[in-house]
file my_file-v6.cif (mmCIF, C-alpha atoms and all ligand atoms)
data_structure
#
loop_
_atom_site.label_atom_id
_atom_site.label_comp_id
_atom_site.auth_asym_id
_atom_site.auth_seq_id
_atom_site.Cartn_x
_atom_site.Cartn_y
_atom_site.Cartn_z
CA MET A 1 -35.74 8.85 -13.33
CA SER A 2 -34.05 6.43 -10.92
CA LYS A 3 -34.35 6.89 -7.19
CA VAL A 4 -31.45 8.52 -5.26
CA ILE A 5 -30.65 7.97 -1.58
CA LYS A 6 -28.21 10.26 0.15
CA ILE A 7 -26.00 8.81 2.87
CA ILE A 8 -23.43 10.58 5.04
CA SER A 9 -20.92 8.32 6.82
CA VAL A 10 -18.87 9.65 9.69
CA VAL A 11 -15.36 8.82 10.89
CA GLY A 12 -13.40 10.53 13.63
CA ALA A 13 -10.68 8.42 15.15
CA ARG A 14 -8.34 5.59 14.19
CA PRO A 15 -10.58 2.60 14.99
CA ASN A 16 -13.33 4.01 12.73
CA PHE A 17 -11.31 3.82 9.53
CA MET A 18 -11.20 0.01 9.23
CA LYS A 19 -14.96 -0.09 9.85
CA ILE A 20 -15.93 2.44 7.18
CA SER A 21 -13.65 1.18 4.41
CA PRO A 22 -15.68 -1.99 3.56
CA PHE A 23 -18.94 -0.04 3.85
CA ILE A 24 -17.81 2.50 1.23
CA ASN A 25 -16.64 -0.33 -1.05
CA GLN A 26 -20.06 -1.88 -0.70
CA ILE A 27 -21.77 1.38 -1.71
CA ASN A 28 -19.58 1.46 -4.84
CA ASN A 29 -20.55 -2.15 -5.64
CA HIS A 30 -24.19 -1.29 -5.15
CA ASN A 31 -24.03 1.75 -7.43
CA ALA A 32 -22.45 -0.34 -10.17
CA CYS A 33 -25.47 -2.63 -10.43
CA SER A 34 -28.60 -1.07 -8.94
CA ASP A 35 -31.33 1.29 -10.16
CA ILE A 36 -31.38 2.99 -6.80
CA ARG A 37 -28.38 5.29 -6.69
CA ILE A 38 -26.60 6.02 -3.41
CA ASN A 39 -25.11 9.46 -3.22
CA HIS A 40 -22.46 9.10 -0.52
CA LEU A 41 -20.49 11.71 1.40
CA LEU A 42 -17.74 10.95 3.90
CA VAL A 43 -17.31 13.31 6.84
CA HIS A 44 -14.12 13.15 8.98
CA THR A 45 -14.51 15.00 12.26
CA GLY A 46 -10.72 15.33 12.50
CA GLN A 47 -10.47 14.02 16.09
CA HIS A 48 -7.45 12.03 14.93
CA TYR A 49 -5.46 14.20 12.57
CA ASP A 50 -1.82 12.99 12.36
CA ASP A 51 -0.59 11.26 9.22
CA LYS A 52 0.13 8.22 11.36
CA MET A 53 -3.21 8.20 13.20
CA SER A 54 -5.33 9.00 10.16
CA ASN A 55 -3.95 9.59 6.63
CA VAL A 56 -2.01 6.35 6.39
CA PHE A 57 -5.24 4.40 7.02
CA PHE A 58 -7.05 6.25 4.24
CA GLU A 59 -4.24 5.45 1.80
CA GLN A 60 -3.79 1.83 2.80
CA LEU A 61 -7.46 0.92 3.06
CA GLY A 62 -8.37 2.75 -0.13
CA ILE A 63 -10.77 5.13 1.63
CA PRO A 64 -11.53 8.14 -0.57
CA LYS A 65 -10.44 11.50 0.82
CA ALA A 66 -13.16 12.80 3.16
CA ASP A 67 -15.59 15.08 1.34
CA ILE A 68 -15.74 17.25 4.43
CA ASN A 69 -13.23 17.51 7.30
CA LEU A 70 -14.54 19.27 10.40
CA GLY A 71 -10.99 19.78 11.75
CA ILE A 72 -12.00 19.28 15.39
CA GLY A 73 -8.60 18.03 16.67
CA SER A 74 -7.68 17.45 20.31
CA GLY A 75 -9.53 18.69 23.37
CA SER A 76 -11.60 17.61 26.33
CA HIS A 77 -14.56 15.36 25.65
CA ALA A 78 -17.00 18.26 25.89
CA GLU A 79 -14.87 20.35 23.55
CA GLN A 80 -14.61 17.55 20.98
CA VAL A 81 -18.30 16.63 21.15
CA GLY A 82 -19.53 20.24 21.28
CA LYS A 83 -17.39 21.46 18.37
CA THR A 84 -18.32 18.41 16.30
CA MET A 85 -22.04 18.96 16.88
CA ILE A 86 -21.89 22.61 15.87
CA SER A 87 -19.96 21.90 12.67
CA PHE A 88 -21.84 18.74 11.75
CA GLU A 89 -25.22 20.46 12.12
CA LYS A 90 -24.18 22.91 9.38
CA VAL A 91 -23.16 20.02 7.13
CA LEU A 92 -26.49 18.28 7.67
CA LYS A 93 -28.46 21.46 6.98
CA ASN A 94 -26.56 21.98 3.71
CA GLU A 95 -26.69 18.39 2.55
CA SER A 96 -30.03 17.06 3.89
CA PRO A 97 -29.07 13.36 3.78
CA ASP A 98 -31.57 10.53 4.19
CA TRP A 99 -29.22 8.65 6.51
CA VAL A 100 -26.25 9.30 8.79
CA ILE A 101 -24.09 6.21 9.39
CA VAL A 102 -21.91 6.14 12.50
CA VAL A 103 -19.51 3.37 13.54
CA GLY A 104 -17.96 2.26 16.82
CA ASP A 105 -17.88 4.26 20.02
CA VAL A 106 -15.67 7.32 19.69
CA ASN A 107 -16.67 10.92 20.36
CA ALA A 108 -17.61 11.41 16.69
CA THR A 109 -20.10 8.53 16.98
CA LEU A 110 -21.91 10.22 19.84
CA ALA A 111 -21.75 13.78 18.53
CA CYS A 112 -22.91 13.01 14.99
CA SER A 113 -25.69 10.61 15.94
CA VAL A 114 -27.23 13.12 18.34
CA THR A 115 -26.92 15.96 15.84
CA ALA A 116 -28.60 13.94 13.08
CA LYS A 117 -31.37 12.70 15.33
CA LYS A 118 -32.27 16.23 16.39
CA LEU A 119 -32.68 17.16 12.72
CA ASN A 120 -34.95 14.12 12.17
CA ILE A 121 -32.39 12.39 9.97
CA LYS A 122 -32.30 8.60 10.22
CA VAL A 123 -29.28 7.23 12.11
CA CYS A 124 -27.71 3.82 11.58
CA HIS A 125 -25.13 2.56 14.09
CA ILE A 126 -22.68 -0.08 12.87
CA GLU A 127 -21.15 -2.07 15.75
CA SER A 128 -24.14 -1.55 17.96
CA GLY A 129 -25.00 -3.25 21.26
CA LEU A 130 -21.50 -3.71 22.70
CA ARG A 131 -21.58 -3.14 26.47
CA SER A 132 -18.75 -3.12 29.02
CA ARG A 133 -21.20 -2.10 31.81
CA ASP A 134 -18.52 0.38 32.89
CA GLU A 135 -19.88 3.89 32.58
CA LEU A 136 -16.54 5.35 33.64
CA MET A 137 -15.32 4.52 30.13
CA PRO A 138 -16.04 7.41 27.75
CA GLU A 139 -16.72 4.86 25.00
CA GLU A 140 -19.48 3.17 27.04
CA VAL A 141 -21.31 6.48 27.40
CA ASN A 142 -20.94 7.01 23.65
CA ARG A 143 -22.32 3.53 22.95
CA LEU A 144 -25.31 3.89 25.29
CA VAL A 145 -26.43 7.25 23.94
CA THR A 146 -25.90 6.34 20.28
CA ASP A 147 -27.81 3.08 20.58
CA ARG A 148 -30.67 4.69 22.46
CA ILE A 149 -31.40 7.11 19.61
CA SER A 150 -30.40 5.13 16.50
CA ASP A 151 -33.11 4.06 14.04
CA LEU A 152 -31.21 1.02 12.78
CA LEU A 153 -28.83 -0.89 15.05
CA LEU A 154 -26.43 -3.34 13.38
CA THR A 155 -24.74 -5.74 15.77
CA PRO A 156 -21.50 -7.72 15.45
CA ASP A 157 -22.73 -10.74 17.44
CA MET A 158 -25.79 -12.18 19.18
CA ILE A 159 -24.60 -11.10 22.65
CA SER A 160 -24.87 -7.48 21.48
CA PHE A 161 -28.22 -8.19 19.86
CA ASP A 162 -29.54 -9.51 23.18
CA ASN A 163 -28.07 -6.54 25.08
CA LEU A 164 -30.19 -4.21 22.96
CA LEU A 165 -33.35 -6.31 23.36
CA ASN A 166 -32.78 -6.33 27.12
CA GLU A 167 -32.59 -2.52 27.08
CA GLY A 168 -36.06 -2.45 25.56
CA ILE A 169 -35.12 -1.61 21.97
CA SER A 170 -37.62 -3.00 19.48
CA SER A 171 -36.36 -6.10 17.65
CA GLU A 172 -37.49 -4.52 14.35
CA LYS A 173 -34.73 -1.92 14.65
CA ILE A 174 -31.94 -4.43 15.35
CA LYS A 175 -30.13 -6.63 12.82
CA PHE A 176 -27.29 -9.06 13.50
CA VAL A 177 -24.88 -8.46 10.63
CA GLY A 178 -21.48 -9.61 11.94
CA ASN A 179 -18.19 -7.82 12.48
CA ILE A 180 -17.34 -5.30 9.77
CA MET A 181 -13.71 -5.01 10.95
CA ILE A 182 -13.17 -8.58 9.84
CA ASP A 183 -14.14 -7.58 6.29
CA THR A 184 -11.08 -5.31 6.38
CA LEU A 185 -8.89 -7.96 7.98
CA ASP A 186 -9.78 -10.42 5.22
CA ALA A 187 -9.19 -7.81 2.52
CA GLN A 188 -5.75 -6.85 3.85
CA ILE A 189 -4.25 -10.03 5.26
CA ASN A 190 -2.34 -11.17 2.18
CA LYS A 191 -0.67 -7.79 1.80
CA ALA A 192 0.18 -7.88 5.52
CA ARG A 193 1.76 -11.34 5.27
CA ASN A 194 4.16 -10.04 2.61
CA ILE A 195 5.53 -7.18 4.70
CA ASN A 196 9.03 -7.66 6.09
CA LEU A 197 9.10 -7.48 9.88
CA ASN A 198 12.43 -5.67 10.00
CA ASN A 199 11.14 -3.03 7.60
CA ILE A 200 8.22 -2.31 9.95
CA ILE A 201 10.74 -1.71 12.71
CA LYS A 202 13.17 0.32 10.59
CA ASN A 203 10.44 2.53 9.19
CA ASN A 204 8.78 3.33 12.51
CA LEU A 205 11.52 3.06 15.13
CA ILE A 206 11.71 5.68 17.87
CA ASN A 207 14.61 4.17 19.88
CA LYS A 208 18.17 4.17 18.56
CA GLN A 209 19.05 2.07 15.49
CA ASP A 210 20.69 -0.72 17.54
CA HIS A 211 17.19 -1.88 18.47
CA ILE A 212 16.71 -3.36 15.01
CA LEU A 213 15.92 -7.09 14.93
CA ASN A 214 18.63 -9.36 13.53
CA SER A 215 16.36 -12.24 12.76
CA GLU A 216 12.74 -12.69 11.77
CA ASN A 217 12.45 -15.66 14.11
CA ILE A 218 12.83 -14.10 17.54
CA PRO A 219 9.69 -14.67 19.68
CA PHE A 220 8.21 -11.33 20.51
CA GLY A 221 5.32 -9.87 22.46
CA LEU A 222 3.31 -6.94 21.20
CA ILE A 223 2.08 -4.12 23.46
CA THR A 224 -0.63 -1.55 22.76
CA LEU A 225 -2.00 0.60 25.56
CA HIS A 226 -3.98 3.82 25.38
CA ARG A 227 -6.99 3.72 27.71
CA PRO A 228 -7.10 6.54 30.25
CA SER A 229 -7.67 3.91 33.01
CA ASN A 230 -4.25 2.39 32.20
CA VAL A 231 -2.11 5.28 31.04
CA ASP A 232 -3.36 8.44 32.74
CA ILE A 233 -2.53 7.38 36.34
CA LEU A 234 1.11 7.15 37.46
CA GLU A 235 0.34 4.50 40.10
CA VAL A 236 -1.11 2.26 37.38
CA LEU A 237 1.22 2.95 34.47
CA GLN A 238 4.52 2.81 36.37
CA PRO A 239 4.18 -0.76 37.73
CA VAL A 240 2.96 -1.99 34.34
CA VAL A 241 5.98 -0.45 32.63
CA ARG A 242 8.29 -1.88 35.33
CA PHE A 243 6.77 -5.32 34.74
CA PHE A 244 7.56 -5.11 31.03
CA LEU A 245 11.08 -3.72 31.60
CA ASP A 246 12.13 -5.99 34.46
CA GLU A 247 10.29 -9.25 33.84
CA VAL A 248 8.60 -9.81 30.49
CA VAL A 249 11.74 -8.90 28.55
CA ASN A 250 13.47 -11.95 30.05
CA ASP A 251 11.22 -14.18 27.94
CA TYR A 252 10.24 -12.01 24.99
CA LEU A 253 11.51 -9.18 22.95
CA LEU A 254 8.75 -6.56 23.16
CA ILE A 255 7.44 -4.39 20.35
CA TRP A 256 5.36 -1.40 21.42
CA PRO A 257 3.78 0.90 18.82
CA ILE A 258 3.04 3.85 21.03
CA HIS A 259 -0.22 5.81 21.08
CA PRO A 260 0.22 9.62 21.35
CA ARG A 261 -1.70 9.70 24.65
CA THR A 262 0.60 7.05 26.14
CA LYS A 263 3.80 8.68 24.91
CA LYS A 264 2.72 11.97 26.45
CA LYS A 265 1.98 10.29 29.80
CA LEU A 266 5.31 8.40 29.83
CA ILE A 267 7.08 11.72 29.29
CA ASP A 268 5.02 13.46 31.99
CA PHE A 269 5.74 10.63 34.46
CA ASN A 270 9.50 10.60 33.67
CA LEU A 271 9.37 7.04 32.37
CA TRP A 272 9.99 7.75 28.70
CA ASN A 273 13.81 7.69 28.63
CA GLU A 274 14.00 4.49 30.63
CA VAL A 275 11.62 2.75 28.23
CA LEU A 276 13.52 4.08 25.21
CA ASN A 277 16.87 2.91 26.57
CA CYS A 278 15.79 -0.66 27.29
CA LYS A 279 17.49 -2.83 24.67
CA LYS A 280 14.69 -5.42 24.64
CA ILE A 281 11.80 -3.07 23.98
CA ILE A 282 11.32 -1.72 20.49
CA ILE A 283 9.30 1.48 20.59
CA LEU A 284 7.56 2.44 17.38
CA ASN A 285 5.50 5.39 16.24
CA PRO A 286 1.84 4.49 15.58
CA ILE A 287 1.93 1.99 12.71
CA SER A 288 -0.33 1.33 9.74
CA TYR A 289 -3.16 -1.19 9.65
CA GLN A 290 -1.24 -3.72 7.56
CA GLU A 291 1.87 -3.36 9.73
CA MET A 292 -0.18 -4.03 12.87
CA LEU A 293 -1.76 -7.05 11.21
CA LYS A 294 1.68 -8.42 10.30
CA LEU A 295 2.97 -7.94 13.86
CA ASN A 296 -0.18 -9.59 15.23
CA LEU A 297 0.27 -12.55 12.84
CA GLU A 298 3.83 -13.08 14.08
CA ALA A 299 3.51 -12.20 17.79
CA SER A 300 3.69 -14.90 20.47
CA ILE A 301 1.63 -12.84 22.88
CA MET A 302 -0.37 -9.59 22.85
CA PHE A 303 -0.70 -7.19 25.80
CA THR A 304 -3.45 -4.71 24.98
CA ASP A 305 -6.36 -2.62 26.17
CA SER A 306 -7.81 -2.14 22.68
CA GLY A 307 -11.18 -3.61 21.79
CA GLY A 308 -10.37 -4.08 18.11
CA LEU A 309 -7.19 -6.02 18.87
CA GLN A 310 -9.10 -8.46 21.09
CA GLU A 311 -11.20 -9.24 18.02
CA GLU A 312 -8.27 -9.48 15.63
CA CYS A 313 -6.37 -11.75 18.06
CA THR A 314 -9.43 -14.03 18.18
CA VAL A 315 -9.54 -14.38 14.41
CA LEU A 316 -5.75 -14.80 14.10
CA GLY A 317 -5.36 -17.03 17.19
CA THR A 318 -2.85 -14.77 18.98
CA PRO A 319 -2.89 -15.28 22.78
CA CYS A 320 -4.13 -11.94 24.14
CA LEU A 321 -3.88 -10.52 27.64
CA THR A 322 -6.36 -7.68 27.93
CA LEU A 323 -5.31 -5.23 30.65
CA ARG A 324 -8.88 -4.35 31.59
CA TYR A 325 -11.44 -5.49 34.16
CA ASN A 326 -14.28 -5.73 31.69
CA THR A 327 -14.83 -5.91 27.97
CA GLU A 328 -17.65 -4.82 25.70
CA ARG A 329 -16.59 -7.75 23.49
CA PRO A 330 -17.15 -10.88 25.64
CA ILE A 331 -17.27 -13.00 22.49
CA THR A 332 -13.46 -12.57 22.29
CA LEU A 333 -12.87 -14.12 25.72
CA PHE A 334 -11.18 -17.52 26.00
CA GLU A 335 -14.18 -19.00 27.84
CA ASN A 336 -16.38 -18.01 24.89
CA GLY A 337 -14.06 -19.46 22.25
CA GLY A 338 -11.87 -16.36 21.74
CA ALA A 339 -8.19 -15.60 22.35
CA SER A 340 -8.37 -13.02 25.13
CA ILE A 341 -8.12 -13.18 28.93
CA LEU A 342 -9.05 -10.18 31.05
CA THR A 343 -6.23 -9.49 33.51
CA GLY A 344 -6.98 -6.01 34.85
CA ASN A 345 -3.88 -3.93 35.50
CA LYS A 346 -2.45 -5.44 38.73
CA ILE A 347 0.92 -7.06 38.08
CA LYS A 348 0.26 -10.28 39.98
CA ASP A 349 -2.84 -10.90 37.84
CA ILE A 350 -1.11 -10.06 34.57
CA LYS A 351 1.73 -12.39 35.53
CA SER A 352 -0.42 -15.35 36.54
CA ASN A 353 -2.53 -15.01 33.40
CA LEU A 354 0.60 -14.79 31.24
CA ASN A 355 1.67 -18.16 32.62
CA LYS A 356 -1.83 -19.52 32.07
CA ILE A 357 -2.35 -18.31 28.52
CA ILE A 358 0.94 -19.54 27.10
CA ASN A 359 -0.04 -23.07 28.14
CA LYS A 360 -3.45 -22.86 26.50
CA ASN A 361 -4.00 -23.99 22.96
CA ILE A 362 -5.28 -20.77 21.38
CA ILE A 363 -6.46 -21.42 17.84
CA PRO A 364 -7.92 -18.99 15.27
CA SER A 365 -11.68 -18.71 15.69
CA ARG A 366 -14.46 -16.93 13.80
CA PRO A 367 -17.73 -16.17 15.54
CA LYS A 368 -20.83 -16.35 13.32
CA TYR A 369 -20.90 -13.77 10.51
CA TRP A 370 -17.28 -12.72 11.04
CA ASP A 371 -16.93 -13.85 7.46
CA GLY A 372 -15.86 -10.80 5.45
CA LYS A 373 -19.40 -10.13 4.21
CA THR A 374 -20.69 -7.86 6.94
CA ALA A 375 -20.64 -4.66 4.88
CA TYR A 376 -22.97 -6.34 2.38
CA ARG A 377 -25.42 -7.18 5.19
CA CYS A 378 -25.13 -3.62 6.60
CA LEU A 379 -26.05 -1.94 3.33
CA ASN A 380 -28.78 -4.47 2.68
CA ALA A 381 -30.35 -3.68 6.07
CA ILE A 382 -30.24 0.05 5.31
CA MET A 383 -31.80 -0.36 1.86
CA LYS A 384 -34.59 -2.57 3.22
CA PHE A 385 -35.36 -0.31 6.18
CA LYS A 386 -39.01 0.76 6.35
C1 LIG A 401 -9.82 7.69 20.98
C2 LIG A 401 -11.18 7.06 21.28
C3 LIG A 401 -11.02 5.61 21.69
C4 LIG A 401 -10.19 4.85 20.68
C5 LIG A 401 -8.85 5.57 20.46
C6 LIG A 401 -8.00 4.87 19.43
C7 LIG A 401 -12.91 8.55 22.21
C8 LIG A 401 -13.66 8.90 23.41
N1 LIG A 401 -11.85 7.75 22.39
O1 LIG A 401 -9.06 7.78 22.16
O2 LIG A 401 -12.30 5.00 21.79
O3 LIG A 401 -9.95 3.53 21.13
O4 LIG A 401 -9.14 6.91 20.01
O5 LIG A 401 -6.85 5.60 19.13
O6 LIG A 401 -13.26 9.00 21.13
N2 LIG A 401 -3.38 12.81 19.32
C9 LIG A 401 -2.30 13.01 18.48
N3 LIG A 401 -2.46 12.77 17.16
C10 LIG A 401 -3.66 12.35 16.65
C11 LIG A 401 -4.73 12.14 17.52
C12 LIG A 401 -4.57 12.36 18.85
O7 LIG A 401 -1.22 13.38 18.91
O8 LIG A 401 -3.76 12.17 15.43
C13 LIG A 401 -3.23 13.06 20.76
C14 LIG A 401 -4.24 14.07 21.26
O9 LIG A 401 -3.73 15.34 21.16
C15 LIG A 401 -4.49 13.62 22.67
C16 LIG A 401 -4.22 12.13 22.64
O10 LIG A 401 -3.54 11.85 21.43
O11 LIG A 401 -3.57 14.21 23.54
C17 LIG A 401 -5.48 11.33 22.75
O12 LIG A 401 -6.38 11.61 21.67
P1 LIG A 401 -7.95 11.63 21.91
O13 LIG A 401 -8.62 12.08 20.68
O14 LIG A 401 -8.27 12.31 23.19
O15 LIG A 401 -8.45 10.15 22.13
P2 LIG A 401 -7.76 8.73 22.23
O16 LIG A 401 -7.15 8.52 23.57
O17 LIG A 401 -6.90 8.50 21.02
#

call {"tool": "encode", "arguments": {"input": "my_file-v6.cif", "output": "C-alpha cells"}}
result
Amino acid sequence: MSKVIKIISVVGARPNFMKISPFINQINNHNACSDIRINHLLVHTGQHYDDKMSNVFFEQLGIPKADINLGIGSGSHAEQVGKTMISFEKVLKNESPDWVIVVGDVNATLACSVTAKKLNIKVCHIESGLRSRDELMPEEVNRLVTDRISDLLLTPDMISFDNLLNEGISSEKIKFVGNIMIDTLDAQINKARNINLNNIIKNNLINKQDHILNSENIPFGLITLHRPSNVDILEVLQPVVRFFLDEVVNDYLLIWPIHPRTKKKLIDFNLWNEVLNCKKIIILNPISYQEMLKLNLEASIMFTDSGGLQEECTVLGTPCLTLRYNTERPITLFENGGASILTGNKIKDIKSNLNKIINKNIIPSRPKYWDGKTAYRCLNAIMKFK
C-alpha cells in the first residue's frame, strides 16, 4: 500500500488566498505522479467572509471550496484568535493531520499555528521571517509567534532567512524558497492584461456613473489603504484624504478600491460623502485579484500600505509610495532594487517622495526565486522534512 500524508492548509483573510492557490495546485501535481499520496484539506477560518473579500478570489484563482469553514467573521483580535483556536482544535482532533500549513501574518496564521503546535502537529509557515520590527502592528506579533513555534520555516528572500537565524532558529528548520505570491502573479497576468479598464470601473463603481473613464489612456494613480495606523485615527486619515482630494488629483485621476475597514472609518469621520463627490477620484468596492493586477499594470503611481502590493509593484515596475514608517519587506525598497519608497503618513513626506519617485527610473525587478516556482520548492521542503 502506498504511503499517505495528511496536510491541512489554512486561509483566513484576503492576502492568504493568492498564497495558498499555487500550493494546492502543487499538491495536485504531486498526487498525479507520486507514490506518496497527499490527502489535503483546506480550512477557511472565515475572518474575511464577503463575496468581494473572499469568494471572488476562490473562483478566480481556482481554489477549491474550503473543506471546512470555521465561520469566525469580524471581531476584536482576541475574539478572532480565541474563536479560531477553539474551532480549529476540534478540526485537528477529528482529522489528525501530519502537517498544518499556515501562510502570511493574519490572525488565522497565529491562531492555527499555536493550536496545531499544542497538539504536537507539525507546523509549516510559508512566508516566514518577514520583520517590520514594529510590534504595534498586529501582523508583526502574528509573525513573531508563528515563526517561533513553526517546525519548518519557508522564507521569501535571504533577508528573512537571516532574520530567523539571528533570532536563534536552527538553520535546519529554515529554507529559502522564494515568494509564493509571484507564482500567482505569473499564473494570472495574461488574463489580467486582457481585462478592459473601463469594465473594472463600471463593475465595481461606488460613486455615481459620471465617474466612468472616457479613455483608457488617462494617467491614473491607485490607492489602497487599510492599516489601522493609517485609517483608524482621524488626525492621520483626514490630512491624507485632503492631500488626495486637493493636490494629487491635479496631476492624476485616482482610483481607490476601498477596504471595508477604511470605508467604515471614512463614514465615521464624516469624510465619505466628500470623497464620493470628488469627480477625480473613482471609488470602487474591493476588486478581484485579476482586476487589481490590471490596475497595477496600468497605474502611473501606487499609494499603498499593503505589503503584498509593495511586492507586486516591484515585479511590475510600478512606482510605489508606501504610507508606512517601516516594512517587513525591505527587499521591495528602491534602495534594494525594488519599486517602493517608505513615506510614512505625514503629507510633506508623501509629497516630497512623490516628486522624487516620478523622476526615478523604476523598472520591473525580480529578487532571487521570485520565479513562479516557489510552490514547488515549498512542497519539496515539506516532503523532505525529517
Ligand atoms: C486583515 C489582516 C491584515 C491584512 C488585511 C487584508 C489581521 C490581523 N489583519 O486586516 O494583515 O493585510 O486583512 O485585507 O489578520 N470586513 C468586511 N468584510 C469582510 C471582511 C472584513 O466587511 O469580508 C470588515 C470587518 O467587519 C472589519 C473590517 O472589515 O470591520 C476589518 O476586518 P478585519 O478582519 O478586522 O481585518 P483587516 O483590517 O481586513

call {"tool": "closest_residue", "arguments": {"input": "my_file-v6.cif", "among": "A:Leu333, A:Ile36, A:Leu342, A:Ile206", "to": "Val275 (chain A)", "atoms": "only C-alpha atoms"}}
result
A:Ile206

call {"tool": "closest_residue", "arguments": {"input": "my_file-v6.cif", "among": "A:Glu235, A:Asp305, A:Glu139, A:Glu172", "to": "ligand LIG 401 (chain A)", "atoms": "all atoms listed in the file"}}
result
A:Glu139

call {"tool": "closest_residue", "arguments": {"input": "my_file-v6.cif", "among": "A:Gln47, A:Thr327, A:Ser2, A:Ala13", "to": "Gln80 (chain A)", "atoms": "only C-alpha atoms"}}
result
A:Gln47

call {"tool": "residues_near_ligand", "arguments": {"input": "my_file-v6.cif", "ligand": "ligand LIG 401 (chain A)", "cutoff": "6 Å", "atoms": "all atoms listed in the file", "output": "VMD selection string"}}
result
chain A and resid 13 to 15 47 to 50 53 74 105 to 107 138 to 139 226 260 to 261

call {"tool": "residues_around", "arguments": {"input": "my_file-v6.cif", "residues": "Leu92 (chain A)", "least_positions_apart": "2", "cutoff": "12 Å", "atoms": "all atoms listed in the file", "output": "PyMOL selection string"}}
result
chain A and resi 6-10+41+43+68+84-90+94-100+112-122

call {"tool": "closest_residue", "arguments": {"input": "my_file-v6.cif", "among": "A:Lys208, A:Cys33, A:Thr343, A:Pro228", "to": "Cys278 (chain A)", "atoms": "only C-alpha atoms"}}
result
A:Lys208

call {"tool": "closest_residue", "arguments": {"input": "my_file-v6.cif", "among": "A:Leu271, A:Ile233, A:Leu185, A:Ile223", "to": "His259 (chain A)", "atoms": "only C-alpha atoms"}}
result
A:Ile223

call {"tool": "closest_atom_pairs", "arguments": {"input": "my_file-v6.cif", "of": "region 261-316 of chain A", "to": "region 17-29 of chain A", "cutoff": "12 Å", "atoms": "all atoms listed in the file", "output": "JSON lines"}}
result
{"residue": "A:Ser288", "atom": "CA", "partner": "A:Met18", "partner_atom": "CA", "distance": 11.0}
{"residue": "A:Tyr289", "atom": "CA", "partner": "A:Met18", "partner_atom": "CA", "distance": 8.1}
{"residue": "A:Gln290", "atom": "CA", "partner": "A:Met18", "partner_atom": "CA", "distance": 10.8}
{"residue": "A:Leu293", "atom": "CA", "partner": "A:Met18", "partner_atom": "CA", "distance": 12.0}
{"residue": "A:Gly308", "atom": "CA", "partner": "A:Met18", "partner_atom": "CA", "distance": 9.8}
{"residue": "A:Glu312", "atom": "CA", "partner": "A:Met18", "partner_atom": "CA", "distance": 11.8}

call {"tool": "closest_residue", "arguments": {"input": "my_file-v6.cif", "among": "A:Ser150, A:Thr45, A:Asn296, A:Asn166", "to": "Gly317 (chain A)", "atoms": "all atoms listed in the file"}}
result
A:Asn296

call {"tool": "residues_around", "arguments": {"input": "my_file-v6.cif", "residues": "His125 (chain A)", "least_positions_apart": "2", "cutoff": "12 Å", "atoms": "all atoms listed in the file", "output": "tab-separated table (two decimals) with C-alpha atoms, keeping the file's coordinate frame"}}
result
chain	number	residue	atom	x	y	z
A	9	SER	CA	-20.92	8.32	6.82
A	10	VAL	CA	-18.87	9.65	9.69
A	16	ASN	CA	-13.33	4.01	12.73
A	19	LYS	CA	-14.96	-0.09	9.85
A	20	ILE	CA	-15.93	2.44	7.18
A	99	TRP	CA	-29.22	8.65	6.51
A	100	VAL	CA	-26.25	9.30	8.79
A	101	ILE	CA	-24.09	6.21	9.39
A	102	VAL	CA	-21.91	6.14	12.50
A	103	VAL	CA	-19.51	3.37	13.54
A	104	GLY	CA	-17.96	2.26	16.82
A	105	ASP	CA	-17.88	4.26	20.02
A	106	VAL	CA	-15.67	7.32	19.69
A	108	ALA	CA	-17.61	11.41	16.69
A	109	THR	CA	-20.10	8.53	16.98
A	110	LEU	CA	-21.91	10.22	19.84
A	112	CYS	CA	-22.91	13.01	14.99
A	113	SER	CA	-25.69	10.61	15.94
A	114	VAL	CA	-27.23	13.12	18.34
A	116	ALA	CA	-28.60	13.94	13.08
A	117	LYS	CA	-31.37	12.70	15.33
A	122	LYS	CA	-32.30	8.60	10.22
A	123	VAL	CA	-29.28	7.23	12.11
A	127	GLU	CA	-21.15	-2.07	15.75
A	128	SER	CA	-24.14	-1.55	17.96
A	129	GLY	CA	-25.00	-3.25	21.26
A	130	LEU	CA	-21.50	-3.71	22.70
A	142	ASN	CA	-20.94	7.01	23.65
A	143	ARG	CA	-22.32	3.53	22.95
A	144	LEU	CA	-25.31	3.89	25.29
A	145	VAL	CA	-26.43	7.25	23.94
A	146	THR	CA	-25.90	6.34	20.28
A	147	ASP	CA	-27.81	3.08	20.58
A	148	ARG	CA	-30.67	4.69	22.46
A	149	ILE	CA	-31.40	7.11	19.61
A	150	SER	CA	-30.40	5.13	16.50
A	151	ASP	CA	-33.11	4.06	14.04
A	152	LEU	CA	-31.21	1.02	12.78
A	153	LEU	CA	-28.83	-0.89	15.05
A	154	LEU	CA	-26.43	-3.34	13.38
A	155	THR	CA	-24.74	-5.74	15.77
A	156	PRO	CA	-21.50	-7.72	15.45
A	173	LYS	CA	-34.73	-1.92	14.65
A	174	ILE	CA	-31.94	-4.43	15.35
A	175	LYS	CA	-30.13	-6.63	12.82
A	176	PHE	CA	-27.29	-9.06	13.50
A	177	VAL	CA	-24.88	-8.46	10.63
A	180	ILE	CA	-17.34	-5.30	9.77
A	378	CYS	CA	-25.13	-3.62	6.60
A	379	LEU	CA	-26.05	-1.94	3.33
A	381	ALA	CA	-30.35	-3.68	6.07
A	382	ILE	CA	-30.24	0.05	5.31

call {"tool": "atom_distance", "arguments": {"input": "my_file-v6.cif", "atom1": "CA of Ala32 (chain A)", "atom2": "CA of Cys124 (chain A)"}}
result
22.8 Å

call {"tool": "residues_near_point", "arguments": {"input": "my_file-v6.cif", "point": "(-6.8, -12.4, 27.6)", "cutoff": "10 Å", "atoms": "only C-alpha atoms", "output": "PyMOL selection string"}}
result
chain A and resi 301-305+310+313-314+318-324+332-335+338-344+350+353-354+356-357

call {"tool": "atom_distance", "arguments": {"input": "my_file-v6.cif", "atom1": "CA of Asp134 (chain A)", "atom2": "CA of Arg227 (chain A)"}}
result
13.1 Å

call {"tool": "atom_distance", "arguments": {"input": "my_file-v6.cif", "atom1": "CA of Asn285 (chain A)", "atom2": "CA of Met181 (chain A)"}}
result
22.5 Å

call {"tool": "axis_aligned_box", "arguments": {"input": "my_file-v6.cif", "around": "region 81-84 of chain A", "padding_each_side": "5 Å", "output": "AutoDock Vina command-line options"}}
result
--center_x -18.5 --center_y 19.0 --center_z 18.8 --size_x 12.1 --size_y 14.8 --size_z 15.0
